[in-house]
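Structure data follow from protein.pdb (PDB, C-alpha atoms):
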ATOM      1  CA  MET A 609    -163.838 -65.592 -28.117
ATOM      2  CA  ASN A 610    -165.587 -68.815 -29.051
ATOM      3  CA  TYR A 611    -164.446 -71.983 -27.424
ATOM      4  CA  LEU A 612    -165.262 -74.970 -29.540
ATOM      5  CA  ILE A 613    -165.420 -77.890 -27.160
ATOM      6  CA  GLY A 614    -165.993 -80.461 -29.790
ATOM      7  CA  LYS A 615    -167.340 -80.779 -33.237
ATOM      8  CA  GLY A 616    -168.698 -84.047 -34.511
ATOM      9  CA  ASN A 617    -166.452 -85.727 -36.981
ATOM     10  CA  ASN A 618    -166.998 -84.856 -40.625
ATOM     11  CA  ARG A 619    -169.052 -87.946 -41.333
ATOM     12  CA  MET A 620    -171.407 -87.196 -38.471
ATOM     13  CA  THR A 621    -171.724 -83.555 -39.426
ATOM     14  CA  GLU A 622    -172.715 -84.768 -42.851
ATOM     15  CA  ILE A 623    -175.324 -87.102 -41.355
ATOM     16  CA  LEU A 624    -176.818 -84.385 -39.197
ATOM     17  CA  ASP A 625    -176.723 -81.592 -41.772
ATOM     18  CA  ASP A 626    -177.989 -83.222 -44.927
ATOM     19  CA  GLN A 627    -181.289 -84.534 -43.703
ATOM     20  CA  ILE A 628    -183.916 -82.484 -45.479
ATOM     21  CA  ALA A 629    -185.018 -84.530 -48.444
ATOM     22  CA  SER A 630    -184.023 -82.793 -51.657
ATOM     23  CA  ASN A 631    -185.295 -85.204 -54.290
ATOM     24  CA  LEU A 632    -188.297 -83.184 -55.492
ATOM     25  CA  TYR A 633    -190.158 -84.154 -58.647
ATOM     26  CA  PHE A 634    -193.578 -84.012 -60.247
ATOM     27  CA  ASP A 635    -195.406 -87.309 -59.865
ATOM     28  CA  LYS A 636    -197.434 -87.824 -63.011
ATOM     29  CA  SER A 637    -199.365 -90.788 -61.617
ATOM     30  CA  PHE A 638    -200.808 -88.726 -58.778
ATOM     31  CA  ASN A 639    -200.573 -85.359 -60.522
ATOM     32  CA  HIS A 640    -198.795 -83.947 -57.481
ATOM     33  CA  GLN A 641    -195.598 -82.180 -56.640
ATOM     34  CA  ALA A 642    -193.697 -84.845 -54.729
ATOM     35  CA  VAL A 643    -190.585 -85.521 -52.739
ATOM     36  CA  LYS A 644    -188.839 -88.841 -52.281
ATOM     37  CA  LEU A 645    -187.224 -89.467 -48.906
ATOM     38  CA  LEU A 646    -184.126 -91.616 -48.537
ATOM     39  CA  PRO A 647    -182.943 -93.220 -45.274
ATOM     40  CA  GLY A 648    -182.021 -90.546 -42.725
ATOM     41  CA  GLU A 649    -184.066 -87.809 -44.377
ATOM     42  CA  TYR A 650    -187.191 -85.899 -43.409
ATOM     43  CA  TYR A 651    -189.484 -83.417 -45.096
ATOM     44  CA  ALA A 652    -192.212 -81.127 -43.785
ATOM     45  CA  THR A 653    -194.592 -78.999 -45.807
ATOM     46  CA  ASP A 654    -197.591 -76.731 -45.588
ATOM     47  CA  LYS A 655    -198.301 -77.306 -49.275
ATOM     48  CA  ASP A 656    -200.431 -79.909 -51.031
ATOM     49  CA  MET A 657    -197.634 -82.360 -51.760
ATOM     50  CA  LEU A 658    -196.973 -86.065 -51.933
ATOM     51  CA  LEU A 659    -194.241 -87.519 -49.725
ATOM     52  CA  VAL A 660    -192.922 -90.890 -50.834
ATOM     53  CA  THR A 661    -190.495 -93.354 -49.340
ATOM     54  CA  VAL A 662    -189.553 -97.017 -49.530
ATOM     55  CA  LEU A 663    -188.978 -98.769 -46.226
ATOM     56  CA  GLY A 664    -187.231-101.962 -45.342
ATOM     57  CA  SER A 665    -186.344-102.238 -41.671
ATOM     58  CA  CYS A 666    -186.433 -98.446 -41.274
ATOM     59  CA  VAL A 667    -189.527 -96.709 -39.983
ATOM     60  CA  ALA A 668    -191.325 -93.617 -41.227
ATOM     61  CA  ALA A 669    -193.529 -91.399 -39.099
ATOM     62  CA  CYS A 670    -196.097 -89.379 -41.041
ATOM     63  CA  ILE A 671    -197.055 -86.575 -38.674
ATOM     64  CA  ARG A 672    -199.561 -83.810 -39.349
ATOM     65  CA  ASP A 673    -201.545 -81.090 -37.672
ATOM     66  CA  CYS A 674    -205.059 -82.459 -37.981
ATOM     67  CA  TYR A 675    -206.540 -78.966 -38.338
ATOM     68  CA  SER A 676    -204.121 -77.127 -40.626
ATOM     69  CA  GLY A 677    -202.949 -80.087 -42.722
ATOM     70  CA  ILE A 678    -199.306 -79.107 -42.205
ATOM     71  CA  GLY A 679    -197.485 -82.396 -42.268
ATOM     72  CA  GLY A 680    -194.267 -84.243 -42.793
ATOM     73  CA  MET A 681    -192.508 -87.538 -42.881
ATOM     74  CA  ASN A 682    -189.209 -88.922 -41.706
ATOM     75  CA  HIS A 683    -187.360 -92.109 -42.573
ATOM     76  CA  PHE A 684    -184.909 -93.450 -40.030
ATOM     77  CA  MET A 685    -183.547 -96.388 -38.121
ATOM     78  CA  LEU A 686    -181.869 -96.601 -34.765
ATOM     79  CA  PRO A 687    -178.130 -97.040 -34.645
ATOM     80  CA  ASP A 688    -176.881-100.240 -33.093
ATOM     81  CA  GLY A 689    -177.089 -99.849 -29.311
ATOM     82  CA  GLY A 690    -174.341-102.455 -28.904
ATOM     83  CA  ALA A 691    -173.321-103.279 -25.361
ATOM     84  CA  ASP A 692    -175.146-100.168 -24.173
ATOM     85  CA  ALA A 693    -178.505-101.341 -25.511
ATOM     86  CA  GLY A 694    -180.216-101.448 -22.102
ATOM     87  CA  ASN A 695    -179.260 -97.894 -21.196
ATOM     88  CA  PRO A 696    -182.126 -95.397 -21.682
ATOM     89  CA  LEU A 697    -179.514 -92.846 -22.752
ATOM     90  CA  ASN A 698    -177.789 -95.007 -25.337
ATOM     91  CA  ALA A 699    -176.959 -93.695 -28.779
ATOM     92  CA  SER A 700    -179.987 -95.460 -30.265
ATOM     93  CA  ALA A 701    -182.508 -93.660 -28.082
ATOM     94  CA  ARG A 702    -180.758 -90.318 -28.459
ATOM     95  CA  TYR A 703    -180.529 -90.514 -32.237
ATOM     96  CA  GLY A 704    -184.105 -91.789 -32.609
ATOM     97  CA  THR A 705    -185.403 -88.987 -30.420
ATOM     98  CA  TYR A 706    -183.397 -86.524 -32.483
ATOM     99  CA  ALA A 707    -184.770 -87.897 -35.767
ATOM    100  CA  MET A 708    -188.304 -87.418 -34.491
ATOM    101  CA  GLU A 709    -187.644 -84.012 -32.964
ATOM    102  CA  ILE A 710    -186.223 -82.408 -36.095
ATOM    103  CA  LEU A 711    -189.367 -83.359 -38.006
ATOM    104  CA  ILE A 712    -191.669 -82.074 -35.252
ATOM    105  CA  ASN A 713    -189.673 -78.843 -34.939
ATOM    106  CA  GLN A 714    -189.976 -78.247 -38.665
ATOM    107  CA  LEU A 715    -193.741 -78.785 -38.494
ATOM    108  CA  LEU A 716    -194.027 -76.313 -35.620
ATOM    109  CA  LYS A 717    -191.964 -73.766 -37.541
ATOM    110  CA  LEU A 718    -194.412 -74.061 -40.436
ATOM    111  CA  GLY A 719    -197.278 -73.286 -38.073
ATOM    112  CA  ALA A 720    -198.431 -76.664 -36.805
ATOM    113  CA  ARG A 721    -199.462 -76.872 -33.157
ATOM    114  CA  ARG A 722    -198.030 -79.614 -31.002
ATOM    115  CA  CYS A 723    -201.395 -80.336 -29.396
ATOM    116  CA  ASN A 724    -202.944 -80.957 -32.851
ATOM    117  CA  LEU A 725    -200.357 -83.458 -34.039
ATOM    118  CA  GLU A 726    -201.291 -87.012 -34.932
ATOM    119  CA  ALA A 727    -199.195 -89.739 -36.493
ATOM    120  CA  LYS A 728    -199.312 -92.676 -38.852
ATOM    121  CA  VAL A 729    -196.320 -94.988 -38.640
ATOM    122  CA  PHE A 730    -194.967 -97.573 -41.038
ATOM    123  CA  GLY A 731    -192.061 -99.901 -41.633
ATOM    124  CA  GLY A 732    -189.816-101.867 -39.344
ATOM    125  CA  GLY A 733    -189.928-104.932 -41.584
ATOM    126  CA  ASN A 734    -187.591-107.780 -40.883
ATOM    127  CA  VAL A 735    -185.959-107.454 -44.265
ATOM    128  CA  LEU A 736    -182.379-106.416 -43.612
ATOM    129  CA  ASP A 737    -179.784-109.151 -43.471
ATOM    130  CA  GLY A 738    -176.300-108.741 -42.152
ATOM    131  CA  LEU A 739    -176.791-106.222 -39.358
ATOM    132  CA  THR A 740    -175.273-106.968 -35.988
ATOM    133  CA  VAL A 741    -178.554-106.511 -34.142
ATOM    134  CA  ALA A 742    -181.335-109.015 -34.554
ATOM    135  CA  ASN A 743    -184.891-107.783 -35.028
ATOM    136  CA  VAL A 744    -183.718-104.340 -36.053
ATOM    137  CA  GLY A 745    -187.093-103.642 -37.657
ATOM    138  CA  GLN A 746    -188.973-104.550 -34.484
ATOM    139  CA  ARG A 747    -186.639-102.336 -32.463
ATOM    140  CA  ASN A 748    -187.323 -99.383 -34.771
ATOM    141  CA  ALA A 749    -191.073 -99.984 -34.595
ATOM    142  CA  ASP A 750    -191.043-100.253 -30.805
ATOM    143  CA  PHE A 751    -189.065 -97.052 -30.524
ATOM    144  CA  VAL A 752    -191.345 -94.935 -32.690
ATOM    145  CA  LEU A 753    -194.467 -96.100 -30.841
ATOM    146  CA  LYS A 754    -192.878 -95.464 -27.454
ATOM    147  CA  PHE A 755    -191.657 -92.026 -28.506
ATOM    148  CA  LEU A 756    -195.104 -90.990 -29.728
ATOM    149  CA  GLN A 757    -196.694 -92.274 -26.534
ATOM    150  CA  THR A 758    -194.234 -90.271 -24.418
ATOM    151  CA  GLU A 759    -194.918 -87.168 -26.483
ATOM    152  CA  LYS A 760    -198.688 -87.760 -26.282
ATOM    153  CA  ILE A 761    -198.999 -87.738 -30.075
ATOM    154  CA  LYS A 762    -201.880 -89.977 -31.061
ATOM    155  CA  VAL A 763    -201.133 -92.823 -33.474
ATOM    156  CA  VAL A 764    -204.130 -92.991 -35.817
ATOM    157  CA  ALA A 765    -202.779 -95.669 -38.166
ATOM    158  CA  GLN A 766    -199.894 -98.085 -38.266
ATOM    159  CA  ASP A 767    -198.503-100.861 -40.420
ATOM    160  CA  LEU A 768    -195.357-102.125 -38.734
ATOM    161  CA  VAL A 769    -192.942-105.086 -38.714
ATOM    162  CA  ASP A 770    -193.824-108.114 -40.903
ATOM    163  CA  ILE A 771    -191.289-109.308 -43.469
ATOM    164  CA  PHE A 772    -191.937-107.145 -46.517
ATOM    165  CA  PRO A 773    -190.530-103.826 -47.683
ATOM    166  CA  ARG A 774    -193.151-101.098 -48.101
ATOM    167  CA  LYS A 775    -193.638 -98.126 -50.358
ATOM    168  CA  VAL A 776    -195.455 -95.338 -48.526
ATOM    169  CA  TYR A 777    -197.292 -92.426 -50.166
ATOM    170  CA  PHE A 778    -198.352 -89.665 -47.776
ATOM    171  CA  PHE A 779    -200.587 -86.732 -48.725
ATOM    172  CA  PRO A 780    -200.418 -84.523 -45.611
ATOM    173  CA  ARG A 781    -202.953 -81.988 -46.834
ATOM    174  CA  ASN A 782    -205.821 -84.494 -46.864
ATOM    175  CA  ASN A 783    -204.305 -87.048 -44.473
ATOM    176  CA  LYS A 784    -204.323 -89.837 -47.017
ATOM    177  CA  VAL A 785    -201.695 -92.565 -46.849
ATOM    178  CA  MET A 786    -201.258 -95.403 -49.295
ATOM    179  CA  VAL A 787    -198.990 -98.313 -48.449
ATOM    180  CA  LYS A 788    -197.869-100.842 -50.984
ATOM    181  CA  LYS A 789    -196.225-103.977 -49.615
ATOM    182  CA  LEU A 790    -193.518-105.111 -51.978
ATOM    183  CA  ARG A 791    -194.243-108.803 -51.564
ATOM    184  CA  ASN A 792    -192.694-109.992 -54.758
ATOM    185  CA  THR A 793    -189.685-107.762 -54.844
ATOM    186  CA  ARG A 794    -186.223-108.741 -53.795
ATOM    187  CA  ASN A 795    -185.105-105.172 -53.819
ATOM    188  CA  ILE A 796    -181.375-105.090 -53.315
ATOM    189  CA  THR A 797    -181.376-101.294 -53.548
ATOM    190  CA  ILE A 798    -183.497-100.973 -50.385
ATOM    191  CA  SER A 799    -181.218-103.285 -48.484
ATOM    192  CA  GLU A 800    -178.046-101.602 -49.724
ATOM    193  CA  ARG A 801    -179.325 -98.109 -48.885
ATOM    194  CA  GLU A 802    -180.288 -99.165 -45.377
ATOM    195  CA  LYS A 803    -176.987-100.926 -44.798
ATOM    196  CA  ASP A 804    -175.115 -97.834 -45.912
ATOM    197  CA  TYR A 805    -177.258 -95.678 -43.612
ATOM    198  CA  SER A 806    -176.680 -98.108 -40.755
ATOM    199  CA  GLN A 807    -172.924 -97.847 -41.283
ATOM    200  CA  ARG A 808    -173.092 -94.046 -41.238
ATOM    201  CA  LEU A 809    -175.094 -94.091 -38.003
ATOM    202  CA  ARG A 810    -172.212 -95.743 -36.179
ATOM    203  CA  LYS A 811    -170.628 -92.313 -36.167
ATOM    204  CA  VAL A 812    -173.340 -90.486 -34.202
ATOM    205  CA  GLU A 813    -172.529 -91.585 -30.675
ATOM    206  CA  ASN A 814    -170.446 -88.514 -29.844
ATOM    207  CA  GLY A 815    -173.367 -86.136 -30.207
ATOM    208  CA  GLY A 816    -173.538 -82.726 -31.852
ATOM    209  CA  GLU A 817    -171.243 -79.737 -31.807
ATOM    210  CA  ILE A 818    -170.636 -77.911 -28.535
ATOM    211  CA  GLU A 819    -169.486 -74.299 -28.317
ATOM    212  CA  LEU A 820    -168.931 -72.160 -25.259
ATOM    213  CA  PHE A 821    -169.095 -68.369 -25.605
ATOM    214  CA  SER A 822    -166.910 -66.286 -23.344
TER     215      SER A 822
ATOM    216  CA  MET B 529    -175.720 -78.965  -1.334
ATOM    217  CA  ALA B 530    -176.643 -80.131  -4.821
ATOM    218  CA  LYS B 531    -176.818 -77.493  -7.500
ATOM    219  CA  THR B 532    -180.132 -76.998  -9.251
ATOM    220  CA  ILE B 533    -180.556 -77.044 -13.017
ATOM    221  CA  LEU B 534    -183.672 -75.865 -14.832
ATOM    222  CA  ALA B 535    -184.154 -78.120 -17.881
ATOM    223  CA  VAL B 536    -186.436 -76.614 -20.512
ATOM    224  CA  ASP B 537    -187.748 -78.535 -23.520
ATOM    225  CA  ASP B 538    -191.180 -79.060 -25.062
ATOM    226  CA  SER B 539    -190.284 -82.680 -25.838
ATOM    227  CA  ALA B 540    -191.074 -85.013 -22.947
ATOM    228  CA  SER B 541    -188.572 -87.526 -24.342
ATOM    229  CA  ILE B 542    -185.736 -85.002 -24.250
ATOM    230  CA  ARG B 543    -186.702 -83.844 -20.748
ATOM    231  CA  GLN B 544    -186.609 -87.448 -19.563
ATOM    232  CA  MET B 545    -183.153 -88.044 -21.013
ATOM    233  CA  VAL B 546    -181.723 -84.764 -19.765
ATOM    234  CA  THR B 547    -183.175 -85.241 -16.286
ATOM    235  CA  PHE B 548    -181.877 -88.813 -16.133
ATOM    236  CA  THR B 549    -178.406 -87.589 -17.102
ATOM    237  CA  LEU B 550    -178.309 -84.696 -14.661
ATOM    238  CA  LYS B 551    -179.799 -86.512 -11.679
ATOM    239  CA  GLY B 552    -177.359 -89.359 -12.262
ATOM    240  CA  ALA B 553    -174.570 -86.831 -11.800
ATOM    241  CA  GLY B 554    -176.031 -85.517  -8.532
ATOM    242  CA  TYR B 555    -177.806 -82.384  -9.714
ATOM    243  CA  GLU B 556    -181.271 -81.347  -8.644
ATOM    244  CA  VAL B 557    -183.455 -80.853 -11.713
ATOM    245  CA  ILE B 558    -186.534 -78.748 -12.290
ATOM    246  CA  GLU B 559    -188.268 -79.351 -15.610
ATOM    247  CA  ALA B 560    -190.143 -76.801 -17.688
ATOM    248  CA  VAL B 561    -192.181 -77.513 -20.827
ATOM    249  CA  ASP B 562    -191.597 -74.189 -22.612
ATOM    250  CA  GLY B 563    -190.112 -70.739 -22.154
ATOM    251  CA  GLN B 564    -193.099 -69.356 -20.288
ATOM    252  CA  ASP B 565    -193.124 -72.273 -17.857
ATOM    253  CA  ALA B 566    -189.367 -71.856 -17.383
ATOM    254  CA  PHE B 567    -189.642 -68.136 -16.739
ATOM    255  CA  ASP B 568    -192.327 -68.744 -14.110
ATOM    256  CA  LYS B 569    -190.274 -71.458 -12.394
ATOM    257  CA  ALA B 570    -187.064 -69.416 -12.547
ATOM    258  CA  SER B 571    -188.873 -66.665 -10.683
ATOM    259  CA  HIS B 572    -189.780 -69.004  -7.832
ATOM    260  CA  HIS B 573    -186.649 -71.125  -7.437
ATOM    261  CA  GLN B 574    -182.962 -70.631  -6.850
ATOM    262  CA  ILE B 575    -181.416 -71.943 -10.082
ATOM    263  CA  ASN B 576    -177.692 -72.489 -10.682
ATOM    264  CA  LEU B 577    -177.850 -73.238 -14.408
ATOM    265  CA  ILE B 578    -180.468 -73.231 -17.149
ATOM    266  CA  LEU B 579    -180.383 -75.676 -20.059
ATOM    267  CA  THR B 580    -182.946 -74.702 -22.663
ATOM    268  CA  ASP B 581    -184.214 -75.723 -26.077
ATOM    269  CA  ILE B 582    -184.906 -73.022 -28.686
ATOM    270  CA  ASN B 583    -188.007 -74.103 -30.623
ATOM    271  CA  MET B 584    -190.888 -74.240 -28.163
ATOM    272  CA  PRO B 585    -194.513 -73.098 -28.122
ATOM    273  CA  ARG B 586    -195.728 -70.050 -26.130
ATOM    274  CA  MET B 587    -192.213 -68.722 -25.525
ATOM    275  CA  ASP B 588    -189.084 -69.876 -27.335
ATOM    276  CA  GLY B 589    -185.627 -70.243 -25.837
ATOM    277  CA  LEU B 590    -184.245 -66.995 -27.234
ATOM    278  CA  LYS B 591    -187.078 -64.953 -25.726
ATOM    279  CA  LEU B 592    -186.591 -66.750 -22.424
ATOM    280  CA  LEU B 593    -182.912 -65.888 -22.563
ATOM    281  CA  GLU B 594    -183.638 -62.215 -23.227
ATOM    282  CA  LEU B 595    -186.135 -61.974 -20.373
ATOM    283  CA  LEU B 596    -183.942 -63.781 -17.858
ATOM    284  CA  ARG B 597    -180.903 -61.633 -18.630
ATOM    285  CA  LYS B 598    -182.960 -58.574 -17.685
ATOM    286  CA  LEU B 599    -183.460 -59.969 -14.192
ATOM    287  CA  ALA B 600    -180.730 -59.140 -11.703
ATOM    288  CA  GLN B 601    -180.609 -62.671 -10.262
ATOM    289  CA  TYR B 602    -180.115 -64.234 -13.717
ATOM    290  CA  LYS B 603    -177.675 -61.744 -15.141
ATOM    291  CA  ASN B 604    -174.712 -64.034 -14.470
ATOM    292  CA  ILE B 605    -176.309 -67.470 -14.192
ATOM    293  CA  PRO B 606    -175.056 -69.793 -16.968
ATOM    294  CA  ILE B 607    -177.664 -70.434 -19.639
ATOM    295  CA  LEU B 608    -176.829 -73.204 -22.107
ATOM    296  CA  ILE B 609    -178.791 -73.788 -25.283
ATOM    297  CA  LEU B 610    -179.513 -77.421 -26.232
ATOM    298  CA  THR B 611    -181.155 -77.477 -29.639
ATOM    299  CA  THR B 612    -181.335 -79.058 -33.071
ATOM    300  CA  GLU B 613    -180.506 -75.618 -34.496
ATOM    301  CA  SER B 614    -176.918 -75.224 -35.640
ATOM    302  CA  SER B 615    -176.807 -72.312 -38.083
ATOM    303  CA  ASP B 616    -174.315 -69.512 -37.461
ATOM    304  CA  GLU B 617    -177.159 -66.970 -37.660
ATOM    305  CA  ILE B 618    -179.184 -68.381 -34.804
ATOM    306  CA  LYS B 619    -176.076 -69.046 -32.732
ATOM    307  CA  ALA B 620    -175.148 -65.387 -33.153
ATOM    308  CA  LYS B 621    -178.605 -64.388 -31.933
ATOM    309  CA  GLY B 622    -178.221 -66.630 -28.911
ATOM    310  CA  ARG B 623    -174.810 -65.286 -28.125
ATOM    311  CA  ALA B 624    -176.031 -61.687 -28.467
ATOM    312  CA  ALA B 625    -178.937 -62.462 -26.136
ATOM    313  CA  GLY B 626    -176.528 -63.721 -23.494
ATOM    314  CA  ALA B 627    -176.225 -67.487 -23.974
ATOM    315  CA  THR B 628    -173.284 -69.071 -22.194
ATOM    316  CA  GLY B 629    -172.910 -71.862 -24.710
ATOM    317  CA  TRP B 630    -174.508 -73.806 -27.519
ATOM    318  CA  LEU B 631    -174.983 -77.563 -27.703
ATOM    319  CA  VAL B 632    -176.377 -79.176 -30.820
ATOM    320  CA  LYS B 633    -178.568 -82.256 -30.431
ATOM    321  CA  PRO B 634    -178.327 -85.168 -30.283
ATOM    322  CA  PHE B 635    -176.454 -84.692 -27.039
ATOM    323  CA  ASP B 636    -173.837 -86.987 -25.610
ATOM    324  CA  PRO B 637    -174.459 -87.366 -21.841
ATOM    325  CA  LYS B 638    -170.770 -87.376 -20.898
ATOM    326  CA  ARG B 639    -169.986 -84.295 -22.940
ATOM    327  CA  LEU B 640    -173.079 -82.504 -21.615
ATOM    328  CA  LEU B 641    -171.902 -83.137 -18.054
ATOM    329  CA  GLU B 642    -168.385 -82.001 -18.926
ATOM    330  CA  VAL B 643    -169.699 -78.673 -20.206
ATOM    331  CA  ILE B 644    -171.976 -78.178 -17.220
ATOM    332  CA  GLY B 645    -169.095 -79.002 -14.890
ATOM    333  CA  LYS B 646    -166.953 -76.476 -16.706
ATOM    334  CA  VAL B 647    -169.436 -73.630 -16.343
ATOM    335  CA  ILE B 648    -170.723 -74.243 -12.809
ATOM    336  CA  GLY B 649    -167.916 -76.299 -11.291
TER     337      GLY B 649
END
Using the file provided, produce a representation of the structure as structure tokens.
Amino acid sequence: MNYLIGKGNNRMTEILDDQIASNLYFDKSFNHQAVKLLPGEYYATDKDMLLVTVLGSCVAACIRDCYSGIGGMNHFMLPDGGADAGNPLNASARYGTYAMEILINQLLKLGARRCNLEAKVFGGGNVLDGLTVANVGQRNADFVLKFLQTEKIKVVAQDLVDIFPRKVYFFPRNNKVMVKKLRNTRNITISEREKDYSQRLRKVENGGEIELFS
Amino acid sequence: MAKTILAVDDSASIRQMVTFTLKGAGYEVIEAVDGQDAFDKASHHQINLILTDINMPRMDGLKLLELLRKLAQYKNIPILILTTESSDEIKAKGRAAGATGWLVKPFDPKRLLEVIGKVIG
């Protein structure tokens, strides 16, 4: 008999289950099969693809095996740590670690080797108004750098914080990244998407499903 | 005497968080970086519970589970899986291989300790 100790609420299950980016298209400008990542999503591939995302205060880690070219990208922000912000086990650290781990796991499943991984990291702009935590972009940037340091994954390029949204194009096969700073854009869509994502993240503090077999 | 938990994960960040949680609750913790490392350490220490990831280099968590269950001293020791994997198929494999329970990341420290308390008292 299975004993289900606790299942995350429906909203959280949705957050944790629907993370593989599904917006695939053919990018005519770059003549590449491409995928667009939205906040909370990740994508890993062993194919010659283009991964694209637009970042406000969120961060994206572009991680690849420097020998095989297997690579992927995520797009995430930390949930509000609230009163528990100083605790190394707070919901922010646990969710951020999770967001990084699911990307790395997917890369390893495709054949990447952990010891060959290197990263390029972007985002964390101070562009999101109305969140309860100040410097949310800086917090996201600090987290991703600290995580990669702990995991001994070398950061070979970064473009973090600042005040502008960014559009990031990542070609994992040849390790090329192009970053376009959206200096003249007041892009309400970016802000609205990140606010919506931030609201959804408030539901993650209870962790994932637990089941005991007996 | 404090009970000893073998915490197995290839992510240093996860090992840090798990160890911090378990030591804070009074458990002794031995860390292992993959299934092979865990199997070696399990052979040389008296372990009361094993908490292992699934996706790891060299030896994954399911293989570790299979090998440990063949050893007399680990036939009845609780082995909990802590993983990002949540599909029914892989859970069924874990259960068939002798897993005691399945915890999907991200983990909540309080709930992790509740489960561990339930299975080893």
Kindly resolve the ChimeraX specification (/B :<9) & /A on the present coordinates and return the residues as a PyMOL selection string.
-> chain A and resi 611+613-614+625+696-699+702-703+705-707+709-710+713+716-717+721-722+755+758-760+812-822
Exercise: Leu550 (chain B) partners within 10 Å, all atoms listed in the file, chain neighbours under 5 positions left out, as number ranges by chain | B: 532-533, 535, 545, 555-557, 637, 640-641, 644
So which residues fall inside 6 Å of (-186.6, -93.2, -42.8) if we count all atoms listed in the file? Mind giving them as a list in words?
->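 Within 6 Å of (-186.6, -93.2, -42.8), the protein and nucleic acid residues are Pro647, Gly648, Cys666, Val667, Ala668, Asn682, His683 and Phe684 of chain A.
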Extract, using only C-alpha atoms, all DNA, RNA and protein residues at most 9 Å from Arg801 (chain A), discarding same-chain residues fewer than 4 positions from it, and format them as a PDB file with C-alpha atoms, keeping the file's coordinate frame.
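Final file, selection08.pdb:
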ATOM      1  CA  LEU A 646    -184.126 -91.616 -48.537  1.00  0.00           C
ATOM      2  CA  PRO A 647    -182.943 -93.220 -45.274  1.00  0.00           C
ATOM      3  CA  ILE A 796    -181.375-105.090 -53.315  1.00  0.00           C
ATOM      4  CA  THR A 797    -181.376-101.294 -53.548  1.00  0.00           C
ATOM      5  CA  TYR A 805    -177.258 -95.678 -43.612  1.00  0.00           C
ATOM      6  CA  SER A 806    -176.680 -98.108 -40.755  1.00  0.00           C
TER       7      SER A 806
END
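Here CA of Leu663 (chain A) is placed at a distance of 13.1 Å from CA of Met786 (chain A).
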Atom-to-atom span, CA of Asp767 (chain A) and CA of Asn639 (chain A), Å = 25.5 Å
Written as a CSV table (one decimal) with C-alpha atoms, keeping the file's coordinate frame, what is the full residue list that the PyMOL selection byres ((chain A and resi 752) around 9) yields on the file shown?
chain,number,residue,atom,x,y,z
A,667,VAL,CA,-189.5,-96.7,-40.0
A,668,ALA,CA,-191.3,-93.6,-41.2
A,669,ALA,CA,-193.5,-91.4,-39.1
A,704,GLY,CA,-184.1,-91.8,-32.6
A,705,THR,CA,-185.4,-89.0,-30.4
A,708,MET,CA,-188.3,-87.4,-34.5
A,729,VAL,CA,-196.3,-95.0,-38.6
A,747,ARG,CA,-186.6,-102.3,-32.5
A,748,ASN,CA,-187.3,-99.4,-34.8
A,749,ALA,CA,-191.1,-100.0,-34.6
A,750,ASP,CA,-191.0,-100.3,-30.8
A,751,PHE,CA,-189.1,-97.1,-30.5
A,753,LEU,CA,-194.5,-96.1,-30.8
A,754,LYS,CA,-192.9,-95.5,-27.5
A,755,PHE,CA,-191.7,-92.0,-28.5
A,756,LEU,CA,-195.1,-91.0,-29.7
A,757,GLN,CA,-196.7,-92.3,-26.5
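Each of A:Asp688, A:Asp635, A:Glu726, A:Glu649 was checked against Pro780 (chain A) using only C-alpha atoms; the smallest atom-to-atom distance is that of A:Glu726.
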Quick one, how far is CA of Asn695 (chain A) from CA of Gln807 (chain A)?
->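 So the two atoms, CA of Asn695 (chain A) and CA of Gln807 (chain A), lie 21.1 Å apart.
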